[in-house]
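Reproduced below: data.txt, with compact mmCIF, C-alpha atoms and all ligand atoms.
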# COMPACT_ATOMS: atom_id res chain seq x y z
CA MET A 1 -45.00 36.78 -65.64
CA ARG A 2 -45.14 40.56 -66.09
CA ILE A 3 -42.36 43.16 -66.32
CA ALA A 4 -42.57 45.10 -63.07
CA ASN A 5 -39.43 47.26 -63.07
CA VAL A 6 -36.91 48.51 -65.65
CA GLU A 7 -33.66 50.19 -64.53
CA VAL A 8 -31.04 51.88 -66.71
CA LEU A 9 -27.71 51.60 -64.87
CA VAL A 10 -24.84 53.84 -66.02
CA SER A 11 -21.51 53.20 -64.28
CA SER A 12 -17.84 53.56 -65.10
CA PRO A 13 -15.69 50.77 -63.58
CA GLY A 14 -12.62 51.21 -65.77
CA ARG A 15 -14.75 52.65 -68.60
CA ASN A 16 -18.38 53.72 -69.11
CA PHE A 17 -21.10 51.05 -69.40
CA VAL A 18 -24.87 51.18 -69.86
CA THR A 19 -26.67 48.19 -68.35
CA LEU A 20 -30.39 47.46 -68.43
CA ARG A 21 -31.96 45.53 -65.56
CA ILE A 22 -35.50 44.15 -65.97
CA THR A 23 -37.30 42.68 -62.95
CA THR A 24 -40.52 40.68 -63.21
CA ASP A 25 -43.48 40.75 -60.84
CA ASP A 26 -42.20 37.53 -59.27
CA GLY A 27 -38.73 38.96 -58.78
CA VAL A 28 -36.78 37.36 -61.62
CA VAL A 29 -34.00 39.69 -62.85
CA GLY A 30 -32.53 39.93 -66.34
CA LEU A 31 -29.57 42.00 -67.56
CA GLY A 32 -28.80 43.55 -70.96
CA ASP A 33 -25.94 45.64 -72.36
CA ALA A 34 -26.58 48.92 -74.22
CA THR A 35 -23.06 50.34 -74.07
CA LEU A 36 -22.32 52.61 -77.04
CA ASN A 37 -18.72 53.78 -76.70
CA GLY A 38 -18.66 57.60 -76.66
CA ARG A 39 -22.47 57.89 -76.95
CA GLU A 40 -23.48 56.05 -73.76
CA LEU A 41 -25.95 58.70 -72.56
CA ALA A 42 -27.81 58.61 -75.88
CA ALA A 43 -28.57 54.93 -75.37
CA ALA A 44 -29.37 55.49 -71.69
CA ALA A 45 -31.82 58.28 -72.54
CA TYR A 46 -33.47 56.24 -75.31
CA LEU A 47 -34.04 53.41 -72.87
CA THR A 48 -35.13 55.61 -69.96
CA GLU A 49 -37.45 57.92 -71.89
CA HIS A 50 -38.77 55.83 -74.76
CA VAL A 51 -38.48 52.14 -73.90
CA ALA A 52 -38.74 51.51 -70.15
CA PRO A 53 -42.21 53.08 -69.75
CA LEU A 54 -43.53 50.90 -72.60
CA LEU A 55 -42.26 47.67 -71.05
CA ILE A 56 -44.00 47.87 -67.68
CA GLY A 57 -46.81 45.31 -67.54
CA ARG A 58 -45.73 43.43 -70.71
CA ASP A 59 -45.41 39.64 -70.57
CA ALA A 60 -41.69 39.03 -69.98
CA HIS A 61 -41.92 35.73 -71.86
CA GLN A 62 -42.86 37.47 -75.13
CA ILE A 63 -39.32 38.05 -76.38
CA GLU A 64 -40.05 38.04 -80.12
CA ASP A 65 -43.18 40.18 -79.82
CA THR A 66 -41.31 42.69 -77.64
CA TRP A 67 -38.49 42.82 -80.21
CA GLN A 68 -40.94 43.48 -83.04
CA TYR A 69 -42.85 45.98 -80.88
CA LEU A 70 -39.69 48.01 -80.18
CA TYR A 71 -38.30 47.73 -83.75
CA ARG A 72 -41.45 48.41 -85.78
CA GLY A 73 -43.06 50.60 -83.12
CA ALA A 74 -40.18 53.09 -83.13
CA TYR A 75 -41.05 54.02 -86.72
CA TRP A 76 -37.54 55.55 -86.99
CA ARG A 77 -35.96 52.13 -87.24
CA ARG A 78 -32.33 50.89 -87.28
CA GLY A 79 -29.27 52.88 -86.12
CA PRO A 80 -26.78 52.28 -83.27
CA VAL A 81 -28.80 53.86 -80.44
CA THR A 82 -32.09 52.17 -81.26
CA MET A 83 -30.54 48.76 -81.89
CA ALA A 84 -28.31 48.83 -78.78
CA SER A 85 -31.41 49.68 -76.74
CA ILE A 86 -33.44 46.87 -78.30
CA ALA A 87 -30.45 44.57 -77.76
CA ALA A 88 -30.41 45.30 -74.05
CA VAL A 89 -34.13 44.56 -73.66
CA ASP A 90 -33.86 41.38 -75.74
CA THR A 91 -30.85 40.07 -73.83
CA ALA A 92 -32.47 40.79 -70.45
CA LEU A 93 -35.63 38.91 -71.47
CA TRP A 94 -33.58 35.91 -72.65
CA ASP A 95 -31.72 36.04 -69.30
CA ILE A 96 -35.07 35.97 -67.46
CA LYS A 97 -36.53 33.16 -69.57
CA ALA A 98 -33.46 30.98 -69.00
CA LYS A 99 -33.50 31.67 -65.25
CA VAL A 100 -37.18 30.71 -65.06
CA ALA A 101 -36.30 27.49 -66.92
CA GLY A 102 -33.39 26.92 -64.53
CA LEU A 103 -31.03 26.52 -67.50
CA PRO A 104 -27.91 28.28 -68.80
CA LEU A 105 -29.06 30.47 -71.68
CA TYR A 106 -27.30 28.44 -74.40
CA GLN A 107 -29.66 25.52 -73.64
CA LEU A 108 -32.57 27.64 -74.91
CA LEU A 109 -30.61 28.28 -78.14
CA GLY A 110 -30.22 24.61 -79.06
CA GLY A 111 -27.57 23.46 -76.61
CA LYS A 112 -23.82 23.20 -77.12
CA SER A 113 -22.43 22.70 -80.63
CA ARG A 114 -18.81 22.80 -79.32
CA SER A 115 -16.98 22.54 -76.02
CA GLY A 116 -15.72 26.13 -76.01
CA LEU A 117 -15.15 29.23 -78.13
CA LEU A 118 -11.77 29.86 -79.77
CA VAL A 119 -10.84 33.46 -78.93
CA TYR A 120 -8.27 36.01 -80.06
CA GLY A 121 -6.59 38.77 -78.05
CA HIS A 122 -5.07 42.15 -78.93
CA ALA A 123 -1.29 41.92 -79.37
CA SER A 124 0.24 45.27 -80.13
CA GLY A 125 3.46 47.25 -80.03
CA ALA A 126 4.79 50.55 -81.23
CA GLU A 127 7.66 48.59 -82.84
CA LEU A 128 8.49 44.92 -83.47
CA PRO A 129 10.26 44.08 -80.17
CA GLU A 130 7.27 45.34 -78.16
CA LEU A 131 4.88 43.58 -80.51
CA PHE A 132 6.75 40.29 -80.17
CA ASP A 133 6.66 40.64 -76.35
CA SER A 134 2.91 41.24 -76.52
CA ILE A 135 2.37 38.18 -78.71
CA HIS A 136 4.45 36.05 -76.32
CA GLU A 137 2.44 37.42 -73.37
CA HIS A 138 -0.81 36.40 -75.07
CA LEU A 139 0.54 32.94 -75.91
CA ASP A 140 1.66 32.57 -72.29
CA GLU A 141 -1.90 33.44 -71.22
CA GLY A 142 -3.18 30.60 -73.40
CA TYR A 143 -4.43 32.52 -76.41
CA ARG A 144 -4.32 30.43 -79.61
CA ALA A 145 -4.93 33.39 -81.95
CA VAL A 146 -3.83 37.01 -81.82
CA ARG A 147 -4.71 40.25 -83.52
CA VAL A 148 -1.58 42.13 -84.60
CA GLN A 149 -1.44 45.94 -84.60
CA THR A 150 1.71 48.09 -84.63
CA GLY A 151 2.85 51.65 -84.83
CA ILE A 152 3.63 53.12 -88.23
CA PRO A 153 6.94 54.91 -88.82
CA GLY A 154 6.33 58.64 -88.83
CA LEU A 155 2.96 58.54 -87.08
CA PRO A 156 2.83 59.51 -83.37
CA SER A 157 -0.07 57.19 -82.49
CA VAL A 158 -2.08 54.48 -84.23
CA TYR A 159 -5.36 52.65 -83.52
CA GLY A 160 -4.87 49.50 -81.52
CA VAL A 161 -1.43 50.35 -80.16
CA ALA A 162 -1.42 51.04 -76.45
CA SER A 163 -0.18 54.40 -75.34
CA SER A 164 1.99 52.90 -72.63
CA ARG A 165 4.42 49.96 -72.70
CA ASN A 166 2.80 48.06 -69.88
CA ALA A 167 -0.62 48.02 -71.50
CA SER A 168 -0.49 44.40 -72.44
CA ALA A 169 -1.94 41.09 -71.46
CA GLY A 170 1.17 40.34 -69.49
CA ALA A 171 1.03 43.45 -67.31
CA ASP A 172 0.08 43.00 -63.69
CA ALA A 173 -3.43 41.61 -63.93
CA GLY A 174 -4.29 43.47 -60.77
CA SER A 175 -3.54 46.78 -62.42
CA ASP A 176 -5.67 48.62 -64.89
CA THR A 177 -2.76 49.91 -66.94
CA ARG A 178 -2.99 46.73 -68.99
CA TYR A 179 -6.19 48.23 -70.40
CA ASP A 180 -4.48 51.25 -71.87
CA TYR A 181 -5.77 49.99 -75.18
CA GLU A 182 -9.10 51.53 -74.26
CA PRO A 183 -9.23 54.27 -76.90
CA ALA A 184 -12.08 56.24 -75.36
CA ARG A 185 -10.30 58.92 -73.33
CA ARG A 186 -11.93 61.01 -70.65
CA ASN A 187 -11.73 64.37 -72.40
CA ALA A 188 -14.14 67.18 -73.09
CA ILE A 189 -13.39 66.68 -76.78
CA PRO A 190 -11.98 63.76 -78.78
CA VAL A 191 -8.24 63.41 -79.15
CA GLU A 192 -7.12 64.05 -82.75
CA GLU A 193 -4.85 61.48 -84.39
CA THR A 194 -2.97 61.61 -87.70
CA TRP A 195 -3.08 59.03 -90.50
CA ASP A 196 -0.95 58.27 -93.56
CA THR A 197 -2.34 55.45 -95.70
CA ARG A 198 0.72 55.13 -97.97
CA ALA A 199 3.01 54.73 -94.94
CA TYR A 200 0.63 52.12 -93.55
CA LEU A 201 0.44 50.15 -96.81
CA ARG A 202 4.26 50.13 -97.05
CA HIS A 203 4.67 49.06 -93.41
CA ALA A 204 1.98 46.41 -92.83
CA PRO A 205 3.50 43.61 -95.00
CA THR A 206 6.89 44.05 -93.29
CA VAL A 207 5.23 43.54 -89.89
CA PHE A 208 3.55 40.28 -90.86
CA ASP A 209 6.71 39.05 -92.58
CA ALA A 210 8.60 39.61 -89.31
CA VAL A 211 5.85 38.01 -87.21
CA ARG A 212 5.71 34.91 -89.40
CA ASN A 213 9.51 34.61 -89.28
CA GLU A 214 9.43 34.89 -85.47
CA PHE A 215 6.31 32.81 -84.69
CA GLY A 216 6.01 30.45 -87.67
CA PRO A 217 3.23 29.69 -90.13
CA GLU A 218 0.65 28.11 -87.80
CA LEU A 219 -0.41 30.86 -85.36
CA PRO A 220 -3.73 32.41 -86.52
CA LEU A 221 -3.05 36.13 -87.06
CA LEU A 222 -5.76 38.76 -87.42
CA HIS A 223 -5.50 42.42 -88.34
CA ASP A 224 -7.89 45.36 -88.13
CA ALA A 225 -7.60 48.08 -90.78
CA HIS A 226 -10.32 49.96 -88.90
CA HIS A 227 -12.27 51.37 -91.90
CA ARG A 228 -9.32 53.43 -93.17
CA LEU A 229 -8.78 52.34 -96.76
CA THR A 230 -10.43 52.98 -100.09
CA PRO A 231 -11.60 49.83 -101.87
CA ILE A 232 -8.54 49.65 -104.14
CA GLN A 233 -6.17 50.36 -101.21
CA ALA A 234 -7.96 47.57 -99.30
CA ALA A 235 -7.48 45.26 -102.29
CA LYS A 236 -3.79 46.15 -102.36
CA LEU A 237 -3.40 45.43 -98.63
CA GLY A 238 -5.28 42.13 -98.84
CA LYS A 239 -3.11 41.02 -101.75
CA SER A 240 0.14 42.12 -100.08
CA LEU A 241 -0.74 40.09 -96.94
CA GLU A 242 -1.63 36.85 -98.78
CA PRO A 243 1.86 35.36 -98.22
CA TYR A 244 1.28 35.63 -94.45
CA ASP A 245 -1.96 33.61 -94.45
CA LEU A 246 -4.04 35.80 -92.12
CA PHE A 247 -7.04 34.36 -90.29
CA TRP A 248 -8.82 37.57 -91.29
CA LEU A 249 -8.39 41.18 -92.33
CA GLU A 250 -11.02 43.33 -90.59
CA ASP A 251 -12.86 46.49 -91.62
CA VAL A 252 -10.62 47.05 -94.63
CA THR A 253 -12.96 49.70 -96.02
CA PRO A 254 -16.11 51.47 -94.76
CA ALA A 255 -18.87 49.04 -95.67
CA GLU A 256 -21.88 51.32 -95.88
CA ASN A 257 -21.18 50.92 -99.60
CA GLN A 258 -21.41 47.14 -99.76
CA ASP A 259 -20.37 47.25 -103.46
CA ALA A 260 -16.92 48.33 -102.28
CA LEU A 261 -16.20 44.83 -101.05
CA ARG A 262 -16.59 43.54 -104.64
CA ARG A 263 -13.44 45.46 -105.57
CA VAL A 264 -11.55 43.94 -102.65
CA ARG A 265 -12.84 40.43 -103.28
CA GLU A 266 -11.76 40.59 -106.95
CA HIS A 267 -8.13 41.05 -105.94
CA THR A 268 -7.45 38.98 -102.86
CA THR A 269 -8.15 35.69 -101.11
CA THR A 270 -7.31 37.11 -97.68
CA PRO A 271 -10.44 36.37 -95.56
CA LEU A 272 -12.50 39.48 -94.74
CA ALA A 273 -14.38 40.37 -91.54
CA ILE A 274 -16.85 43.25 -91.40
CA GLY A 275 -19.68 44.52 -89.25
CA GLU A 276 -18.83 45.71 -85.74
CA VAL A 277 -20.44 49.06 -86.57
CA PHE A 278 -23.43 47.47 -88.31
CA ASN A 279 -26.71 47.19 -86.42
CA THR A 280 -29.19 45.20 -88.47
CA ILE A 281 -29.41 42.22 -90.83
CA TRP A 282 -30.00 44.64 -93.72
CA ASP A 283 -26.43 45.90 -93.43
CA TYR A 284 -25.25 42.42 -94.45
CA LYS A 285 -27.71 41.53 -97.24
CA GLN A 286 -25.47 42.15 -100.26
CA LEU A 287 -22.31 41.09 -98.42
CA PHE A 288 -23.90 37.68 -97.76
CA GLU A 289 -25.68 37.13 -101.06
CA GLU A 290 -22.56 38.00 -103.07
CA GLN A 291 -20.32 36.23 -100.54
CA LEU A 292 -18.19 39.35 -100.13
CA ILE A 293 -17.11 38.60 -96.54
CA ASP A 294 -16.10 35.54 -94.51
CA TYR A 295 -16.86 36.62 -90.91
CA VAL A 296 -19.66 38.59 -89.26
CA ARG A 297 -18.36 41.02 -86.64
CA SER A 298 -21.60 42.18 -85.01
CA PRO A 299 -21.86 41.71 -81.25
CA VAL A 300 -25.15 41.04 -79.45
CA THR A 301 -24.98 44.57 -77.99
CA HIS A 302 -24.93 46.49 -81.30
CA ALA A 303 -27.08 44.26 -83.52
CA GLY A 304 -30.41 44.17 -81.69
CA GLY A 305 -29.76 41.37 -79.22
CA ILE A 306 -29.68 37.57 -79.23
CA THR A 307 -32.91 37.30 -81.24
CA ALA A 308 -31.57 39.48 -84.06
CA LEU A 309 -27.98 38.23 -84.09
CA ARG A 310 -29.14 34.62 -84.25
CA ARG A 311 -31.09 35.52 -87.40
CA ILE A 312 -28.00 37.17 -88.89
CA PHE A 313 -25.86 34.09 -88.18
CA ASP A 314 -28.49 31.76 -89.67
CA TYR A 315 -28.60 33.94 -92.82
CA ALA A 316 -24.79 33.92 -92.94
CA ALA A 317 -24.69 30.13 -92.62
CA VAL A 318 -26.52 29.81 -95.94
CA TYR A 319 -23.34 31.24 -97.56
CA GLN A 320 -20.86 29.41 -95.30
CA ILE A 321 -20.04 32.69 -93.56
CA LYS A 322 -19.07 32.40 -89.89
CA SER A 323 -19.32 34.44 -86.72
CA GLY A 324 -16.44 36.61 -85.53
CA VAL A 325 -18.12 38.49 -82.70
CA HIS A 326 -16.75 41.85 -81.56
CA GLY A 327 -15.47 41.60 -77.98
CA PRO A 328 -13.55 44.76 -76.95
CA THR A 329 -13.73 46.20 -73.45
CA ASP A 330 -16.59 48.47 -74.57
CA VAL A 331 -18.88 45.48 -74.99
CA SER A 332 -19.72 44.89 -71.34
CA PRO A 333 -19.35 41.52 -69.58
CA VAL A 334 -23.14 41.22 -69.99
CA GLY A 335 -22.81 41.64 -73.77
CA LEU A 336 -19.84 39.28 -73.84
CA ALA A 337 -21.71 36.63 -71.83
CA ALA A 338 -24.62 36.84 -74.29
CA ALA A 339 -22.19 36.35 -77.18
CA ILE A 340 -20.65 33.33 -75.46
CA HIS A 341 -24.04 31.63 -74.98
CA LEU A 342 -24.98 32.33 -78.61
CA GLY A 343 -21.55 31.37 -79.95
CA ILE A 344 -21.47 28.00 -78.22
CA ALA A 345 -24.85 27.08 -79.74
CA ILE A 346 -24.74 28.24 -83.39
CA PRO A 347 -23.41 25.85 -86.06
CA ASN A 348 -21.32 28.48 -87.89
CA PHE A 349 -19.15 29.81 -85.06
CA GLY A 350 -15.83 31.24 -86.29
CA ILE A 351 -13.95 33.04 -83.51
CA GLN A 352 -14.71 35.35 -80.56
CA GLU A 353 -12.78 38.53 -79.79
CA TYR A 354 -11.71 38.58 -76.15
CA MET A 355 -9.83 41.71 -75.15
CA GLN A 356 -10.46 40.99 -71.43
CA HIS A 357 -12.12 43.48 -69.12
CA SER A 358 -10.13 45.03 -66.30
CA PRO A 359 -10.33 43.74 -62.72
CA VAL A 360 -12.18 46.92 -61.71
CA THR A 361 -14.88 46.21 -64.31
CA HIS A 362 -15.37 42.79 -62.78
CA GLU A 363 -15.99 44.40 -59.37
CA VAL A 364 -19.29 45.58 -60.85
CA PHE A 365 -20.02 42.74 -63.31
CA GLU A 366 -19.71 39.44 -61.48
CA THR A 367 -19.27 36.87 -64.23
CA THR A 368 -19.17 33.06 -64.35
CA TYR A 369 -17.88 32.41 -67.89
CA THR A 370 -14.39 30.92 -67.98
CA PHE A 371 -11.28 31.46 -70.11
CA SER A 372 -8.84 28.56 -70.26
CA ASP A 373 -6.57 26.99 -72.88
CA GLY A 374 -7.48 29.71 -75.36
CA MET A 375 -11.22 29.08 -75.14
CA LEU A 376 -14.15 30.89 -73.54
CA ALA A 377 -17.04 28.85 -72.13
CA PRO A 378 -20.30 29.70 -70.37
CA SER A 379 -20.98 28.37 -66.89
CA GLU A 380 -23.95 26.17 -66.00
CA ALA A 381 -25.50 29.00 -63.97
CA PRO A 382 -29.12 29.73 -65.02
CA GLY A 383 -29.45 32.54 -67.54
CA LEU A 384 -26.44 34.60 -68.69
CA GLY A 385 -24.49 33.85 -65.52
CA VAL A 386 -23.75 37.53 -64.76
CA ASP A 387 -24.71 39.62 -61.71
CA TYR A 388 -24.53 43.40 -61.37
CA ASN A 389 -23.09 44.71 -58.08
CA ASP A 390 -24.89 47.99 -57.31
CA GLU A 391 -22.77 48.79 -54.30
CA ALA A 392 -19.55 48.47 -56.27
CA ALA A 393 -21.08 50.39 -59.20
CA SER A 394 -21.94 53.32 -56.94
CA ALA A 395 -18.22 54.06 -56.63
CA PHE A 396 -17.78 54.53 -60.40
CA ALA A 397 -19.72 57.52 -61.69
CA TYR A 398 -20.08 58.12 -65.41
CA ALA A 399 -17.45 60.42 -66.93
CA GLY A 400 -17.68 61.61 -70.54
CA ALA A 401 -15.14 59.86 -72.78
CA TYR A 402 -14.75 59.98 -76.53
CA LEU A 403 -13.05 57.85 -79.12
CA PRO A 404 -10.30 59.70 -81.01
CA VAL A 405 -10.92 61.27 -84.40
CA ASN A 406 -8.52 60.86 -87.31
CA ARG A 407 -7.14 63.33 -89.81
CA LEU A 408 -4.93 62.85 -92.87
CA LEU A 409 -1.61 64.67 -93.07
CA ASP A 410 -3.29 67.55 -94.90
CA GLY A 411 -5.84 67.91 -92.10
CA SER A 412 -8.78 66.28 -93.90
CA MET A 413 -11.08 64.29 -91.61
CA HIS A 414 -10.63 60.55 -92.07
CA ASP A 415 -12.04 57.38 -90.49
CA TRP A 416 -10.55 56.49 -87.10
C1 LIG B 501 -11.96 47.46 -82.56
C2 LIG B 501 -12.72 48.02 -81.40
O1 LIG B 501 -11.80 45.48 -81.31
C3 LIG B 501 -11.94 45.95 -82.46
O2 LIG B 501 -12.06 45.27 -83.49
O3 LIG B 501 -12.47 47.85 -83.81
O4 LIG B 501 -11.89 47.99 -80.29
C4 LIG B 501 -13.23 49.44 -81.60
O5 LIG B 501 -12.14 50.32 -81.86
C5 LIG B 501 -13.95 49.87 -80.34
O6 LIG B 501 -14.93 48.92 -80.05
C6 LIG B 501 -14.60 51.22 -80.53
O7 LIG B 501 -15.33 51.54 -79.37
MG MG B 502 -12.49 46.28 -85.21
Show me this structure written as structure tokens.
Ligand code: CS2
Ligand code: MG
Amino acid sequence: MRIANVEVLVSSPGRNFVTLRITTDDGVVGLGDATLNGRELAAAAYLTEHVAPLLIGRDAHQIEDTWQYLYRGAYWRRGPVTMASIAAVDTALWDIKAKVAGLPLYQLLGGKSRSGLLVYGHASGAELPELFDSIHEHLDEGYRAVRVQTGIPGLPSVYGVASSRNASAGADAGSDTRYDYEPARRNAIPVEETWDTRAYLRHAPTVFDAVRNEFGPELPLLHDAHHRLTPIQAAKLGKSLEPYDLFWLEDVTPAENQDALRRVREHTTTPLAIGEVFNTIWDYKQLFEEQLIDYVRSPVTHAGGITALRRIFDYAAVYQIKSGVHGPTDVSPVGLAAAIHLGIAIPNFGIQEYMQHSPVTHEVFETTYTFSDGMLAPSEAPGLGVDYNDEAASAFAYAGAYLPVNRLLDGSMHDW
């Protein structure tokens, strides 16, 4: 079975996506996700110019060899663009192999290890009343775990807090305003936001104290510090949140310096999740071997595909570290479906982020996975169980959109 055609599909149903479609000489189609929020055209160009021509004529069944060919053959290895591109090829080839076998993809990964995937949603509010409403809306939708993000007194806008009141799970599902969380804004240049770490560190414990008083001790609560703290500030935050028994504290400090997590670990037992911006197993080596984190955040889309992410999870399992796959709206339904098939099979599943794509996104990506009773589950359709609707996609042309940038009060650039 040879690869006969490779298409790079860029569309923007609700937000920009980069989808790879591989078709074999006997007409079997596989999909992959290469969406890189704010750098979509870089991934599209890498695939179009430097990957697609090399795939034509290759045996579509050789998934591992193709992965190694694209990783080692690039010479300039690793990085978000390369690994998202390899991820898309890898996922599409797994989709094809499963379709040829007539099986849902998870069956090729060892079959089900659980009935469904516990997920968490994004509860947020500028202030507590709005946050409480958002948490209630998520609970009403069936979520059994929620990520909590709020505004910070004195700061006009903050990561993870929607810019409009009705951007919440409970808003009219038919509308797209519920996806106002989407931080990538269609502007010629990124929006600039302001950050004050001391105000944040003073405010965060008061938010979780209020949430625990309102919702009780059981509800799994997650929080994303979004790379904004120094190691000792991260240690302080983790320690200050211990009374509120978080499920995890995410991206507490930029983890290029893996040593930094030693400082945090020395001071707090709050579970740590890292890795949505990582793209290879090497980014985790020290974090695993020194057991500096508890959850792996990489999604299939950013970490080189199913082949690579399965390796990362198996490595993590040696240290009792679990998966916590990234699932915002900028991982496409193709990338999410791949994560669901992998997550239902691996032994060390932890939790799956499920922000929910907008209805307009699903006009293009026709999915078969299900969300009920707080759990995601793959369908029994062969392969990933996702189809790409070209006609619908043609109505949604790409439009440049950038994530915000962040500056401290004195104007210094900071992590967003
Ligand atoms: C966030 C992401 O969901 C999360 O954990 O960190 O929404 C992140 O801000 C976006 O994926 C960036 O494109
Ligand atoms: Mg995050």
Give the residue list for ligand MG 502 (chain B) at 9 Å, counting only C-alpha atoms and all ligand atoms, as a PyMOL selection string, sorted by chain and then by residue number. chain A and resi 223-227+250-251+273-277+297+326+328
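In this comparison, which uses all atoms listed in the file, the residue of A:Leu336, A:Leu403, A:Ile86, A:Val100 approaching ligand LIG 501 (chain B) most closely is A:Leu403.
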Please determine, counting all atoms listed in the file, which residue among A:Lys239, A:His122, A:Arg198, A:Arg78 has the shortest atom-to-atom distance to ligand LIG 501 (chain B).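 Nearest to ligand LIG 501 (chain B): A:His122.
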Find the residues around Thr301 in chain A up to 6 Å (only C-alpha atoms counted), leave out those fewer than 2 positions away in its own chain, and share them as a list in words.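 What passes the distance filter is Asp33, Ala34, Ala84, Ala87, Pro299, Ala303, Gly305 and Gly335 of chain A.
CA of Ser323 in chain A is found 7.7 Å from CA of Gln352 in chain A.
Going from CA of Thr307 in chain A over to CA of Gly102 in chain A, you cover 19.7 Å.
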